[in-house]
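Novice: Next up, query.cif (mmCIF, C-alpha atoms and all ligand atoms).
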data_upload
loop_
_atom_site.label_atom_id
_atom_site.label_comp_id
_atom_site.auth_asym_id
_atom_site.auth_seq_id
_atom_site.Cartn_x
_atom_site.Cartn_y
_atom_site.Cartn_z
CA MET A 1323 -4.92 7.62 5.48
CA ASN A 1324 -8.69 7.25 5.55
CA ARG A 1325 -10.14 5.41 8.51
CA TYR A 1326 -13.26 3.29 8.24
CA LYS A 1327 -15.33 1.47 10.80
CA GLU A 1328 -15.54 -2.30 10.54
CA SER A 1329 -18.80 -3.36 8.88
CA PRO A 1330 -21.16 -4.06 11.78
CA SER A 1331 -21.90 -7.75 12.25
CA GLN A 1332 -25.35 -9.23 11.72
CA THR A 1333 -26.53 -12.67 12.74
CA ALA A 1334 -25.83 -15.49 10.31
CA GLY A 1335 -29.54 -16.28 10.67
CA PRO A 1336 -31.32 -19.62 10.35
CA TYR A 1337 -30.35 -20.10 6.71
CA VAL A 1338 -26.55 -19.77 6.99
CA HIS A 1339 -26.18 -23.28 5.59
CA ILE A 1340 -27.66 -22.18 2.25
CA GLY A 1341 -24.66 -19.95 1.76
CA CYS A 1342 -21.93 -21.89 3.51
CA THR A 1343 -22.80 -25.59 3.17
CA PRO A 1344 -25.46 -25.77 0.43
CA ASN A 1345 -24.71 -29.39 -0.49
CA PHE A 1346 -25.43 -30.38 3.11
CA LEU A 1347 -28.97 -29.01 2.60
CA GLY A 1348 -29.41 -30.79 -0.70
CA ILE A 1349 -28.86 -27.68 -2.80
CA ASP A 1350 -26.72 -29.61 -5.25
CA GLY A 1351 -25.08 -28.56 -8.44
CA ILE A 1352 -23.98 -25.05 -7.56
CA PHE A 1353 -20.68 -25.87 -5.86
CA PRO A 1354 -19.01 -29.27 -6.30
CA GLU A 1355 -18.58 -29.69 -2.54
CA ASP A 1356 -19.04 -27.78 0.68
CA LEU A 1357 -15.89 -25.90 1.67
CA GLY A 1358 -14.16 -27.03 4.84
CA THR A 1359 -15.57 -30.56 4.81
CA THR A 1360 -12.11 -32.10 4.49
CA ILE A 1361 -9.20 -30.79 6.54
CA ILE A 1362 -6.78 -33.63 5.79
CA THR A 1363 -6.55 -33.56 2.01
CA GLY A 1364 -3.38 -35.61 1.56
CA ASN A 1365 -1.21 -37.89 3.61
CA PRO A 1366 0.51 -35.63 6.14
CA GLU A 1367 2.39 -37.06 9.07
CA GLY A 1368 0.97 -36.49 12.51
CA GLU A 1369 -1.53 -37.79 15.01
CA ARG A 1370 -4.99 -38.03 13.50
CA ILE A 1371 -7.71 -36.95 15.89
CA THR A 1372 -11.47 -36.56 15.82
CA ILE A 1373 -13.14 -33.66 17.59
CA LYS A 1374 -16.82 -33.90 18.44
CA GLY A 1375 -19.05 -31.54 20.34
CA SER A 1376 -22.29 -29.63 20.53
CA VAL A 1377 -23.19 -26.00 21.09
CA PHE A 1378 -25.70 -25.54 23.91
CA ASP A 1379 -27.95 -22.55 24.53
CA GLY A 1380 -28.93 -21.13 27.91
CA THR A 1381 -31.76 -23.65 28.27
CA GLY A 1382 -29.34 -26.55 27.87
CA ASN A 1383 -30.60 -27.51 24.42
CA PRO A 1384 -28.14 -28.11 21.59
CA LEU A 1385 -28.22 -25.72 18.64
CA LYS A 1386 -29.17 -27.42 15.41
CA ASP A 1387 -28.67 -24.42 13.16
CA ALA A 1388 -25.14 -23.33 14.05
CA LEU A 1389 -22.13 -23.14 11.76
CA ILE A 1390 -18.83 -24.00 13.40
CA GLU A 1391 -15.45 -23.23 11.89
CA ILE A 1392 -12.01 -24.21 13.17
CA TRP A 1393 -8.53 -23.00 12.28
CA GLN A 1394 -5.37 -24.58 13.58
CA ALA A 1395 -1.70 -25.22 13.08
CA ASP A 1396 -0.24 -28.46 11.74
CA PRO A 1397 1.60 -30.92 14.03
CA SER A 1398 4.78 -28.83 13.85
CA GLY A 1399 3.00 -25.62 14.80
CA LYS A 1400 2.91 -24.14 11.30
CA PHE A 1401 -0.14 -22.86 9.46
CA ALA A 1402 -1.28 -23.64 5.94
CA GLY A 1403 0.01 -20.96 3.62
CA ARG A 1404 2.87 -20.23 6.05
CA GLY A 1405 5.03 -23.28 5.68
CA GLY A 1406 2.46 -25.78 6.92
CA VAL A 1407 2.66 -29.43 5.94
CA GLU A 1408 1.37 -30.59 2.53
CA GLY A 1409 -2.08 -32.15 2.49
CA PHE A 1410 -3.48 -30.31 5.49
CA THR A 1411 -5.65 -27.19 5.25
CA GLY A 1412 -5.99 -26.44 8.97
CA TRP A 1413 -9.47 -25.08 8.31
CA GLY A 1414 -12.71 -26.92 8.87
CA ARG A 1415 -16.35 -25.97 8.68
CA SER A 1416 -19.24 -28.01 10.05
CA PRO A 1417 -22.99 -27.44 9.88
CA GLY A 1418 -23.44 -30.01 12.62
CA ASP A 1419 -25.45 -33.20 12.38
CA MET A 1420 -28.84 -32.76 10.72
CA ASP A 1421 -30.72 -34.26 13.69
CA THR A 1422 -28.55 -33.57 16.73
CA GLY A 1423 -26.46 -30.56 15.76
CA GLU A 1424 -23.28 -32.34 16.88
CA PHE A 1425 -20.19 -31.25 14.96
CA THR A 1426 -17.33 -33.54 13.94
CA PHE A 1427 -13.88 -32.59 12.68
CA GLU A 1428 -11.34 -35.10 11.41
CA THR A 1429 -8.02 -33.35 11.80
CA LEU A 1430 -4.45 -33.55 13.06
CA LYS A 1431 -3.30 -32.78 16.56
CA PRO A 1432 -1.86 -29.26 16.34
CA GLY A 1433 1.67 -28.44 17.45
CA ARG A 1434 2.75 -25.49 19.57
CA VAL A 1435 2.49 -22.04 18.04
CA PRO A 1436 4.60 -19.12 19.25
CA PHE A 1437 2.84 -16.30 21.07
CA THR A 1438 3.58 -12.65 20.26
CA ASP A 1439 6.54 -12.65 22.66
CA GLY A 1440 7.98 -15.89 21.32
CA ARG A 1441 6.84 -18.13 24.17
CA LEU A 1442 5.21 -21.33 22.97
CA GLN A 1443 1.46 -21.67 23.35
CA ALA A 1444 -0.09 -24.99 24.32
CA PRO A 1445 -1.60 -26.96 21.43
CA HIS A 1446 -4.99 -25.47 20.61
CA VAL A 1447 -7.64 -25.17 17.94
CA THR A 1448 -9.34 -21.84 17.26
CA PHE A 1449 -13.13 -21.99 17.03
CA TRP A 1450 -15.59 -19.53 15.50
CA ILE A 1451 -19.31 -20.01 16.06
CA VAL A 1452 -22.19 -18.30 14.28
CA ALA A 1453 -25.92 -19.03 14.36
CA ARG A 1454 -29.35 -17.52 14.50
CA GLY A 1455 -29.48 -15.41 17.67
CA ILE A 1456 -25.70 -14.82 17.75
CA ASN A 1457 -25.21 -11.20 16.72
CA LEU A 1458 -21.43 -11.30 16.44
CA GLY A 1459 -19.48 -14.49 15.71
CA LEU A 1460 -17.97 -15.99 18.86
CA HIS A 1461 -14.26 -16.79 19.06
CA THR A 1462 -13.00 -19.41 21.45
CA ARG A 1463 -10.14 -21.90 21.70
CA MET A 1464 -10.05 -25.59 22.33
CA TYR A 1465 -7.11 -26.87 24.35
CA PHE A 1466 -6.31 -30.48 25.22
CA ALA A 1467 -6.93 -31.53 28.82
CA ASP A 1468 -4.18 -34.14 28.54
CA GLU A 1469 -1.54 -31.48 27.75
CA GLU A 1470 -1.15 -30.47 31.38
CA THR A 1471 2.44 -29.27 31.20
CA ALA A 1472 1.95 -27.14 28.09
CA ASN A 1473 -1.36 -25.78 29.37
CA ALA A 1474 0.24 -24.74 32.65
CA GLU A 1475 2.61 -22.39 30.80
CA ASP A 1476 0.28 -21.23 28.04
CA PRO A 1477 0.44 -17.42 27.79
CA ILE A 1478 -3.31 -17.04 27.28
CA LEU A 1479 -4.53 -19.61 29.79
CA THR A 1480 -2.26 -18.32 32.54
CA ARG A 1481 -3.54 -14.77 32.09
CA ILE A 1482 -7.20 -15.63 32.58
CA GLU A 1483 -8.38 -14.14 35.84
CA HIS A 1484 -11.14 -16.63 36.63
CA GLN A 1485 -9.11 -19.83 36.55
CA SER A 1486 -12.23 -21.79 37.56
CA ARG A 1487 -13.55 -21.26 34.03
CA ILE A 1488 -10.53 -22.78 32.27
CA PRO A 1489 -12.06 -26.29 32.07
CA THR A 1490 -14.58 -24.81 29.61
CA LEU A 1491 -11.71 -24.59 27.10
CA MET A 1492 -10.53 -28.18 27.55
CA ALA A 1493 -11.30 -31.01 25.16
CA VAL A 1494 -11.48 -34.31 26.98
CA LYS A 1495 -10.58 -37.65 25.45
CA GLU A 1496 -13.65 -39.90 25.18
CA GLY A 1497 -12.89 -43.24 23.59
CA ASP A 1498 -11.66 -42.58 20.06
CA HIS A 1499 -12.31 -38.84 19.98
CA TYR A 1500 -11.94 -35.59 21.87
CA ARG A 1501 -15.15 -33.98 23.10
CA PHE A 1502 -15.43 -30.21 23.15
CA ASP A 1503 -18.86 -28.90 24.06
CA ILE A 1504 -19.55 -25.19 23.84
CA ARG A 1505 -21.99 -23.55 26.25
CA LEU A 1506 -23.23 -20.15 25.15
CA GLN A 1507 -24.76 -19.28 28.50
CA GLY A 1508 -25.50 -20.62 31.95
CA GLU A 1509 -23.55 -23.07 34.08
CA GLY A 1510 -20.17 -23.76 32.54
CA GLU A 1511 -20.45 -20.91 30.04
CA THR A 1512 -17.54 -21.27 27.66
CA ILE A 1513 -14.87 -18.61 27.72
CA PHE A 1514 -15.09 -16.51 24.57
CA PHE A 1515 -12.29 -14.21 23.51
CA ASP A 1516 -12.25 -10.62 22.38
CA ILE A 1517 -9.31 -11.02 20.08
CA MET B 576 11.13 -15.09 16.78
CA THR B 577 7.71 -14.61 15.31
CA LYS B 578 6.78 -10.99 15.69
CA THR B 579 3.23 -10.04 14.80
CA ASN B 580 1.55 -6.68 14.81
CA GLY B 581 -1.90 -7.53 15.95
CA TYR B 582 -5.23 -6.18 14.87
CA ALA B 583 -6.84 -2.97 15.97
CA ALA B 584 -9.23 -3.82 18.81
CA ARG B 585 -12.79 -4.50 17.74
CA ASP B 586 -15.10 -1.61 18.59
CA ARG B 587 -17.82 -3.48 20.41
CA SER B 588 -19.94 -0.36 20.84
CA TRP B 589 -20.28 -0.28 17.04
CA HIS B 590 -21.35 -3.93 16.71
CA PRO B 591 -24.58 -5.34 18.14
CA PRO B 592 -24.24 -6.48 21.76
CA ALA B 593 -24.78 -10.20 22.37
CA LEU B 594 -28.03 -9.72 24.28
CA THR B 595 -30.69 -7.86 22.30
CA PRO B 596 -34.08 -8.89 23.74
CA LEU B 597 -36.14 -7.44 20.87
CA TYR B 598 -34.45 -10.09 18.75
CA LYS B 599 -35.78 -12.88 20.90
CA THR B 600 -33.47 -15.72 19.90
CA SER B 601 -30.51 -13.76 21.25
CA VAL B 602 -31.84 -14.11 24.81
CA THR B 603 -30.77 -17.74 25.27
CA ARG B 604 -27.85 -17.61 22.85
CA SER B 605 -25.94 -14.66 24.29
CA PRO B 606 -23.00 -15.23 26.63
CA ARG B 607 -23.53 -13.54 30.00
CA PHE B 608 -19.85 -13.06 30.71
CA ALA B 609 -17.83 -10.47 28.85
CA PRO B 610 -15.47 -11.89 26.23
CA ILE B 611 -11.93 -12.02 27.57
CA GLY B 612 -9.51 -9.70 25.86
CA ALA B 613 -6.45 -11.45 24.49
CA ALA B 614 -3.62 -10.43 22.22
CA THR B 615 -3.87 -11.92 18.78
CA SER B 616 -1.17 -14.41 17.93
CA LEU B 617 -0.44 -16.30 14.72
CA SER B 618 -3.48 -18.44 15.50
CA GLU B 619 -5.74 -15.47 14.86
CA GLU B 620 -3.53 -13.53 12.44
CA THR B 621 -3.52 -16.28 9.86
CA GLY B 622 -6.47 -17.86 8.13
CA PRO B 623 -7.52 -20.10 5.29
CA VAL B 624 -6.64 -18.96 1.78
CA PHE B 625 -8.86 -19.87 -1.15
CA GLY B 626 -7.64 -19.88 -4.71
CA HIS B 627 -9.59 -19.19 -7.86
CA ASP B 628 -9.39 -22.92 -8.58
CA ILE B 629 -12.35 -23.48 -6.23
CA LEU B 630 -14.57 -21.21 -8.32
CA GLY B 631 -16.87 -22.38 -11.07
CA ALA B 632 -17.81 -20.12 -13.98
CA LYS B 633 -21.28 -19.37 -12.57
CA ASP B 634 -20.41 -19.15 -8.87
CA ASN B 635 -21.10 -15.41 -8.76
CA ASP B 636 -24.20 -15.56 -10.95
CA LEU B 637 -27.17 -16.48 -8.78
CA ILE B 638 -29.53 -15.90 -11.70
CA THR B 639 -28.26 -18.95 -13.56
CA ASN B 640 -26.09 -21.01 -11.19
CA PHE B 641 -29.05 -23.17 -10.11
CA ALA B 642 -31.27 -22.69 -13.15
CA ALA B 643 -32.12 -25.36 -15.67
CA PRO B 644 -30.26 -24.97 -18.97
CA GLY B 645 -31.58 -21.91 -20.77
CA GLU B 646 -33.65 -20.79 -17.76
CA MET B 647 -33.17 -17.89 -15.34
CA ALA B 648 -34.32 -16.99 -11.83
CA ILE B 649 -37.35 -14.69 -11.72
CA GLY B 650 -37.05 -11.19 -10.27
CA PRO B 651 -35.49 -7.78 -10.77
CA ARG B 652 -31.99 -8.36 -12.08
CA ILE B 653 -29.24 -6.62 -10.13
CA VAL B 654 -25.47 -6.44 -10.03
CA VAL B 655 -24.00 -6.07 -6.54
CA GLN B 656 -20.43 -4.86 -6.46
CA GLY B 657 -18.00 -3.13 -4.18
CA HIS B 658 -14.66 -3.33 -2.50
CA VAL B 659 -13.49 -5.21 0.53
CA ARG B 660 -11.06 -3.02 2.46
CA ASP B 661 -9.76 -2.82 6.01
CA GLU B 662 -10.24 -0.15 8.65
CA PHE B 663 -7.19 1.69 7.35
CA GLY B 664 -8.57 1.78 3.82
CA ARG B 665 -6.22 -0.85 2.47
CA PRO B 666 -7.79 -3.17 -0.12
CA VAL B 667 -8.30 -6.78 0.92
CA PRO B 668 -7.44 -8.73 -2.24
CA HIS B 669 -7.99 -12.44 -2.93
CA THR B 670 -10.51 -13.02 -0.17
CA LEU B 671 -13.52 -15.28 -0.41
CA VAL B 672 -16.95 -13.59 -0.27
CA GLU B 673 -19.96 -15.89 0.13
CA VAL B 674 -23.56 -14.68 -0.26
CA TRP B 675 -26.98 -16.20 0.32
CA GLN B 676 -30.48 -14.82 0.06
CA ALA B 677 -34.20 -15.43 -0.38
CA ASN B 678 -35.68 -15.43 -3.88
CA ALA B 679 -37.54 -12.47 -5.35
CA GLY B 680 -40.68 -13.55 -3.49
CA GLY B 681 -38.89 -13.62 -0.12
CA ARG B 682 -38.67 -17.40 0.11
CA TYR B 683 -35.56 -19.40 1.03
CA ARG B 684 -34.75 -22.83 -0.33
CA HIS B 685 -34.76 -24.45 3.13
CA LYS B 686 -36.85 -27.13 4.77
CA LYS B 687 -37.48 -25.00 7.86
CA GLU B 688 -38.78 -22.05 5.84
CA GLY B 689 -42.43 -21.39 6.62
CA TYR B 690 -43.36 -18.46 4.36
CA LEU B 691 -46.21 -18.92 1.88
CA ALA B 692 -44.30 -17.42 -1.03
CA PRO B 693 -43.30 -20.03 -3.62
CA LEU B 694 -39.90 -21.44 -4.40
CA ASP B 695 -38.44 -20.43 -7.72
CA PRO B 696 -37.33 -23.68 -9.36
CA ASN B 697 -34.50 -21.81 -11.05
CA PHE B 698 -33.11 -20.08 -7.97
CA GLY B 699 -30.84 -21.80 -5.43
CA GLY B 700 -29.92 -18.78 -3.34
CA CYS B 701 -26.16 -18.91 -2.89
CA GLY B 702 -23.08 -17.64 -4.65
CA ARG B 703 -19.48 -16.75 -4.04
CA CYS B 704 -16.55 -14.89 -5.49
CA ILE B 705 -12.98 -13.93 -4.65
CA THR B 706 -11.90 -10.31 -4.59
CA ASP B 707 -9.40 -9.21 -7.21
CA GLU B 708 -6.06 -7.56 -6.49
CA ASN B 709 -7.87 -4.30 -5.65
CA GLY B 710 -10.34 -5.91 -3.30
CA PHE B 711 -13.13 -5.60 -5.87
CA TYR B 712 -15.94 -8.13 -5.93
CA GLU B 713 -19.12 -8.47 -7.98
CA PHE B 714 -22.06 -10.81 -8.30
CA LEU B 715 -25.22 -10.99 -10.32
CA THR B 716 -28.53 -11.89 -8.72
CA VAL B 717 -32.21 -11.04 -8.39
CA LYS B 718 -33.30 -8.57 -5.75
CA PRO B 719 -34.58 -10.63 -2.80
CA GLY B 720 -38.05 -10.03 -1.43
CA PRO B 721 -38.86 -9.08 2.17
CA TYR B 722 -40.21 -11.90 4.32
CA PRO B 723 -42.04 -12.40 7.61
CA TRP B 724 -40.31 -14.26 10.43
CA PRO B 725 -41.31 -15.61 13.81
CA ASN B 726 -40.19 -13.09 16.44
CA GLY B 727 -42.82 -10.53 17.35
CA PRO B 728 -46.41 -11.08 16.15
CA ASP B 729 -45.71 -9.42 12.79
CA ASP B 730 -42.02 -8.90 12.13
CA TRP B 731 -40.67 -8.68 8.59
CA ARG B 732 -37.12 -8.73 7.37
CA PRO B 733 -36.27 -5.99 4.89
CA ALA B 734 -34.88 -7.23 1.59
CA HIS B 735 -31.33 -8.32 2.34
CA ILE B 736 -28.41 -10.42 1.21
CA HIS B 737 -26.30 -12.31 3.75
CA VAL B 738 -22.55 -11.89 3.28
CA SER B 739 -19.68 -13.93 4.72
CA VAL B 740 -16.12 -12.65 4.35
CA PHE B 741 -12.85 -14.29 5.41
CA GLY B 742 -10.25 -11.59 5.02
CA HIS B 743 -6.71 -12.80 5.50
CA SER B 744 -6.97 -13.97 9.07
CA PHE B 745 -9.36 -15.62 11.47
CA ALA B 746 -9.50 -12.35 13.43
CA GLN B 747 -11.13 -10.67 10.41
CA ARG B 748 -13.83 -13.32 9.94
CA LEU B 749 -17.18 -11.58 9.54
CA ILE B 750 -20.77 -12.33 8.64
CA THR B 751 -23.13 -9.45 8.01
CA GLN B 752 -26.11 -8.48 5.86
CA MET B 753 -26.58 -6.02 3.03
CA TYR B 754 -29.73 -3.92 2.76
CA PHE B 755 -31.11 -1.79 -0.08
CA GLU B 756 -31.19 1.99 -0.24
CA GLY B 757 -34.61 3.50 0.29
CA ASP B 758 -36.25 0.48 1.93
CA PRO B 759 -38.56 1.65 4.77
CA MET B 760 -38.56 -1.87 6.27
CA ILE B 761 -34.92 -1.49 7.34
CA TRP B 762 -35.92 0.78 10.19
CA GLN B 763 -38.59 -1.58 11.52
CA CYS B 764 -36.51 -4.74 11.72
CA PRO B 765 -35.44 -6.10 15.16
CA ILE B 766 -32.35 -7.73 13.66
CA VAL B 767 -31.22 -4.48 12.03
CA GLY B 768 -32.14 -2.87 15.35
CA THR B 769 -29.54 -4.92 17.22
CA ILE B 770 -26.97 -2.48 15.78
CA PRO B 771 -26.72 0.38 18.26
CA THR B 772 -26.46 3.39 15.96
CA ARG B 773 -28.11 4.62 12.80
CA GLU B 774 -24.67 5.60 11.54
CA ALA B 775 -23.49 1.99 11.73
CA ILE B 776 -26.66 0.64 10.14
CA GLU B 777 -26.26 2.99 7.19
CA THR B 778 -22.91 1.37 6.37
CA LEU B 779 -24.86 -1.82 5.60
CA VAL B 780 -27.23 -0.12 3.15
CA ALA B 781 -26.13 -0.63 -0.47
CA LYS B 782 -26.45 2.44 -2.68
CA LEU B 783 -28.28 2.36 -5.97
CA ASP B 784 -25.65 3.17 -8.59
CA ARG B 785 -27.54 4.47 -11.64
CA PRO B 786 -24.48 5.07 -13.84
CA GLY B 787 -23.34 1.55 -12.99
CA SER B 788 -26.49 -0.08 -14.30
CA ILE B 789 -26.33 -2.18 -17.45
CA PRO B 790 -29.01 -0.77 -19.83
CA MET B 791 -31.87 -3.20 -20.56
CA ASN B 792 -30.19 -5.73 -18.27
CA SER B 793 -29.53 -4.95 -14.59
CA LEU B 794 -29.61 -2.22 -12.00
CA CYS B 795 -26.45 -1.85 -9.96
CA TYR B 796 -25.96 -1.60 -6.18
CA GLN B 797 -22.71 -0.60 -4.53
CA PHE B 798 -21.76 -2.24 -1.24
CA ASP B 799 -18.34 -1.81 0.34
CA ILE B 800 -17.29 -4.12 3.15
CA THR B 801 -14.81 -3.13 5.85
CA LEU B 802 -12.81 -5.72 7.79
CA ARG B 803 -10.62 -5.21 10.82
CA GLY B 804 -7.25 -3.72 10.08
CA ARG B 805 -3.81 -4.79 11.13
CA ARG B 806 -2.01 -2.09 13.07
CA GLN B 807 0.93 -0.30 11.55
CA THR B 808 4.29 -1.66 12.56
CA MET B 809 6.29 1.51 13.17
CA PHE B 810 5.38 2.11 16.79
CA GLU B 811 5.90 -1.45 17.87
CA ASN B 812 9.21 -1.72 16.04
CA ARG B 813 10.43 1.36 17.86
CA MET B 814 9.28 -0.13 21.13
CA GLU B 815 11.18 -3.28 20.39
CA GLY B 816 14.36 -1.38 19.68
CA MET B 817 14.17 0.61 22.90
FE FE C 1 -32.27 -13.74 5.69
#
Would you mind writing the structure in this file as structure tokens?
Ligand SMILES: [Fe+3]

Specialist:
Amino acid sequence: MNRYKESPSQTAGPYVHIGCTPNFLGIDGIFPEDLGTTIITGNPEGERITIKGSVFDGTGNPLKDALIEIWQADPSGKFAGRGGVEGFTGWGRSPGDMDTGEFTFETLKPGRVPFTDGRLQAPHVTFWIVARGINLGLHTRMYFADEETANAEDPILTRIEHQSRIPTLMAVKEGDHYRFDIRLQGEGETIFFDI
Amino acid sequence: MTKTNGYAARDRSWHPPALTPLYKTSVTRSPRFAPIGAATSLSEETGPVFGHDILGAKDNDLITNFAAPGEMAIGPRIVVQGHVRDEFGRPVPHTLVEVWQANAGGRYRHKKEGYLAPLDPNFGGCGRCITDENGFYEFLTVKPGPYPWPNGPDDWRPAHIHVSVFGHSFAQRLITQMYFEGDPMIWQCPIVGTIPTREAIETLVAKLDRPGSIPMNSLCYQFDITLRGRRQTMFENRMEGM
């Protein structure tokens, strides 16, 4: 069998929103809507949650030109296309707020997904971040700070050597939403995964 | 039990490193810590699936998908086509491919764009398609122009098309750029230069396909895209049975 190298990554650049969320930029009429805007498309059962956050650079300033995508299981731990609940795509894409860069996802609280060895992982949402200046898309995971028991036995969290960095993966409840800020560099640099 | 095979590890010496100071924006946007290696689970080995129902008739025709009725974008007409496959050469069928680009003058339709070149009222700059059962994709567009960008005092991007591909799982998610065979600007660009080897860069250079051109209509460029591959199952199955 022929072997090929993965196509090398290149930055999404400053104009990623032209390709991925054109309606957000006012480029109307090409696609009826921006993909990933709506994660809950029907009336699925489960806890509805809102996730908000910003992506900060090494100077502490929020990125205003990032594209953030999430992928997650439904409340029973199943993925769309693999037995997941009707009316829930599990996939969201946000260009961030036009002025502040803050992203918002209206979604369902994910259930527990089995790890490769069958153990249950703690509820989590997979994040993928691209932007100008990011040469290779960054993978991270958002866990829920209020899921202490599940987090304590999560097969990925428990294997992380520098346990002091684990809070960077925790979304914290703030009023009516969970906040999950991502720090690319500097104090509190988010854990990114080489998956 | 949910047994998954996992993806071949990403060769990070082939991709650009996070910190590439000649591309200045990377300096404050590059993690300082190494990414933590983790086995892929279902969370990374699944991903969104898009059906043909999301596609409009002109989604892969950038020449007319933003143009006024009866109008067309200005510029050299080209067909870009190729296959999406994985590292083991297996086709990646039914995957969404999104593209975006500057117009033939090198200008993007974006409020932060500062280049003097004019907008083309009939060119929006984005398109998309879904690969067929063989992993084949194709779109019609105008060849984008090179453009200057704020980095060094006089840096120019070579003509390029941005490409976003989903594959079948979040682990395969990739954004890259396609360049054009024979363009001397490729080798002067700090963003191209983030890729460590000439060999890797050349895999992003689309080849002019003369027999593939449509006479009196469009030149053709061939651009194959490779996504990460899922490992074969044999070895792991044997391990399990031991
Ligand atoms: Fe560009």

Novice: Show me which residues sit within 8 Å of ligand FE 1 (chain C) when counting all atoms listed in the file, and put them as a PDB file with C-alpha atoms, in the frame of the given file.

Specialist:
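File written: part.pdb
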ATOM      1  CA  GLY A1335     -29.540 -16.280  10.670  1.00  0.00           C
ATOM      2  CA  PRO A1336     -31.320 -19.620  10.350  1.00  0.00           C
ATOM      3  CA  TYR A1337     -30.350 -20.100   6.710  1.00  0.00           C
TER       4      TYR A1337
ATOM      5  CA  TRP B 675     -26.980 -16.200   0.320  1.00  0.00           C
ATOM      6  CA  GLN B 676     -30.480 -14.820   0.060  1.00  0.00           C
ATOM      7  CA  ALA B 677     -34.200 -15.430  -0.380  1.00  0.00           C
ATOM      8  CA  ARG B 732     -37.120  -8.730   7.370  1.00  0.00           C
ATOM      9  CA  HIS B 735     -31.330  -8.320   2.340  1.00  0.00           C
ATOM     10  CA  ILE B 736     -28.410 -10.420   1.210  1.00  0.00           C
ATOM     11  CA  HIS B 737     -26.300 -12.310   3.750  1.00  0.00           C
TER      12      HIS B 737
END

Novice: Counting all atoms listed in the file, what are the residues of chain B within 6 Å of chain A, and for each of them which pair of atoms is the nearest and at what distance in Å, to one decimal? Sort the table by chain and rising number, as a tab-separated table.

Specialist:
residue	atom	partner	partner_atom	distance
B:Met576	CA	A:Gly1440	CA	5.6
B:Lys578	CA	A:Thr1438	CA	5.8
B:His590	CA	A:Pro1330	CA	4.9
B:Ala593	CA	A:Asn1457	CA	5.8
B:Thr600	CA	A:Gly1455	CA	4.6
B:Ser601	CA	A:Gly1455	CA	4.1
B:Thr603	CA	A:Gly1380	CA	4.7
B:Arg604	CA	A:Asp1379	CA	5.2
B:Pro606	CA	A:Gln1507	CA	4.8
B:Pro610	CA	A:Phe1515	CA	4.8
B:Ile611	CA	A:Phe1515	CA	4.6
B:Gly612	CA	A:Asp1516	CA	4.5
B:Ala613	CA	A:Ile1517	CA	5.3
B:Thr615	CA	A:Ile1517	CA	5.7
B:Ser616	CA	A:Phe1437	CA	5.4
B:Asn640	CA	A:Ile1352	CA	5.8
B:Phe641	CA	A:Ile1352	CA	6.0
B:Glu662	CA	A:Tyr1326	CA	4.6
B:Phe663	CA	A:Arg1325	CA	4.9
B:Gly664	CA	A:Asn1324	CA	5.7
B:Val674	CA	A:Gly1341	CA	5.8
B:Trp675	CA	A:Gly1341	CA	4.6
B:Cys701	CA	A:Gly1341	CA	5.0
B:Ile750	CA	A:Ser1331	CA	5.9
B:Thr751	CA	A:Gln1332	CA	4.3
B:Gln752	CA	A:Gln1332	CA	6.0
B:Ile800	CA	A:Ser1329	CA	6.0
B:Thr801	CA	A:Glu1328	CA	4.8
B:Leu802	CA	A:Glu1328	CA	5.2
B:Arg803	CA	A:Glu1328	CA	5.7

Novice: With distances taken over all atoms listed in the file, which of B:Glu774, B:Asp758, B:Asp730, B:Glu673 is nearest to Arg703 in chain B?

Specialist: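 Of B:Glu774, B:Asp758, B:Asp730, B:Glu673, the one nearest Arg703 in chain B is B:Glu673, counting all atoms listed in the file.
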
Novice: Expressed in Å to a single decimal, how great is the separation between CA of Ser739 in chain B and CA of Ala614 in chain B?

Specialist: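 Distance reported for this atom pair: 24.0 Å.
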
Novice: Check the smallest atom-to-atom distance from each of A:Asp1468, A:Ser1376, A:Arg1370, A:Asn1473 to Ala1444 in chain A using only C-alpha atoms, then report the winner.

Specialist: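 Of the candidates, the smallest distance to Ala1444 in chain A is held by A:Asn1473.
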
Novice: Between B:Trp731, B:Pro592, B:Pro623, B:Ile705, which residue has the minimum interatomic distance to Phe608 in chain B, considering all atoms listed in the file?

Specialist: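 Closest residue, counting all atoms listed in the file: B:Pro592.
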
Novice: Starting from the point (-5.9, -4.8, -8.0), work out which residues of protein, DNA or RNA have an atom no more than 10 Å away when counting all atoms listed in the file; state them as a PDB file with C-alpha atoms, in the coordinates of the input.

Specialist:
ATOM      1  CA  PRO B 666      -7.790  -3.170  -0.120  1.00  0.00           C
ATOM      2  CA  VAL B 667      -8.300  -6.780   0.920  1.00  0.00           C
ATOM      3  CA  PRO B 668      -7.440  -8.730  -2.240  1.00  0.00           C
ATOM      4  CA  HIS B 669      -7.990 -12.440  -2.930  1.00  0.00           C
ATOM      5  CA  THR B 706     -11.900 -10.310  -4.590  1.00  0.00           C
ATOM      6  CA  ASP B 707      -9.400  -9.210  -7.210  1.00  0.00           C
ATOM      7  CA  GLU B 708      -6.060  -7.560  -6.490  1.00  0.00           C
ATOM      8  CA  ASN B 709      -7.870  -4.300  -5.650  1.00  0.00           C
ATOM      9  CA  GLY B 710     -10.340  -5.910  -3.300  1.00  0.00           C
ATOM     10  CA  PHE B 711     -13.130  -5.600  -5.870  1.00  0.00           C
TER      11      PHE B 711
END

Novice: Go through A:Ile1390, A:Ala1467, A:Met1420, A:Leu1430 and flag the residue nearest Gly1364 in chain A, using only C-alpha atoms for the distances.

Specialist: A:Leu1430
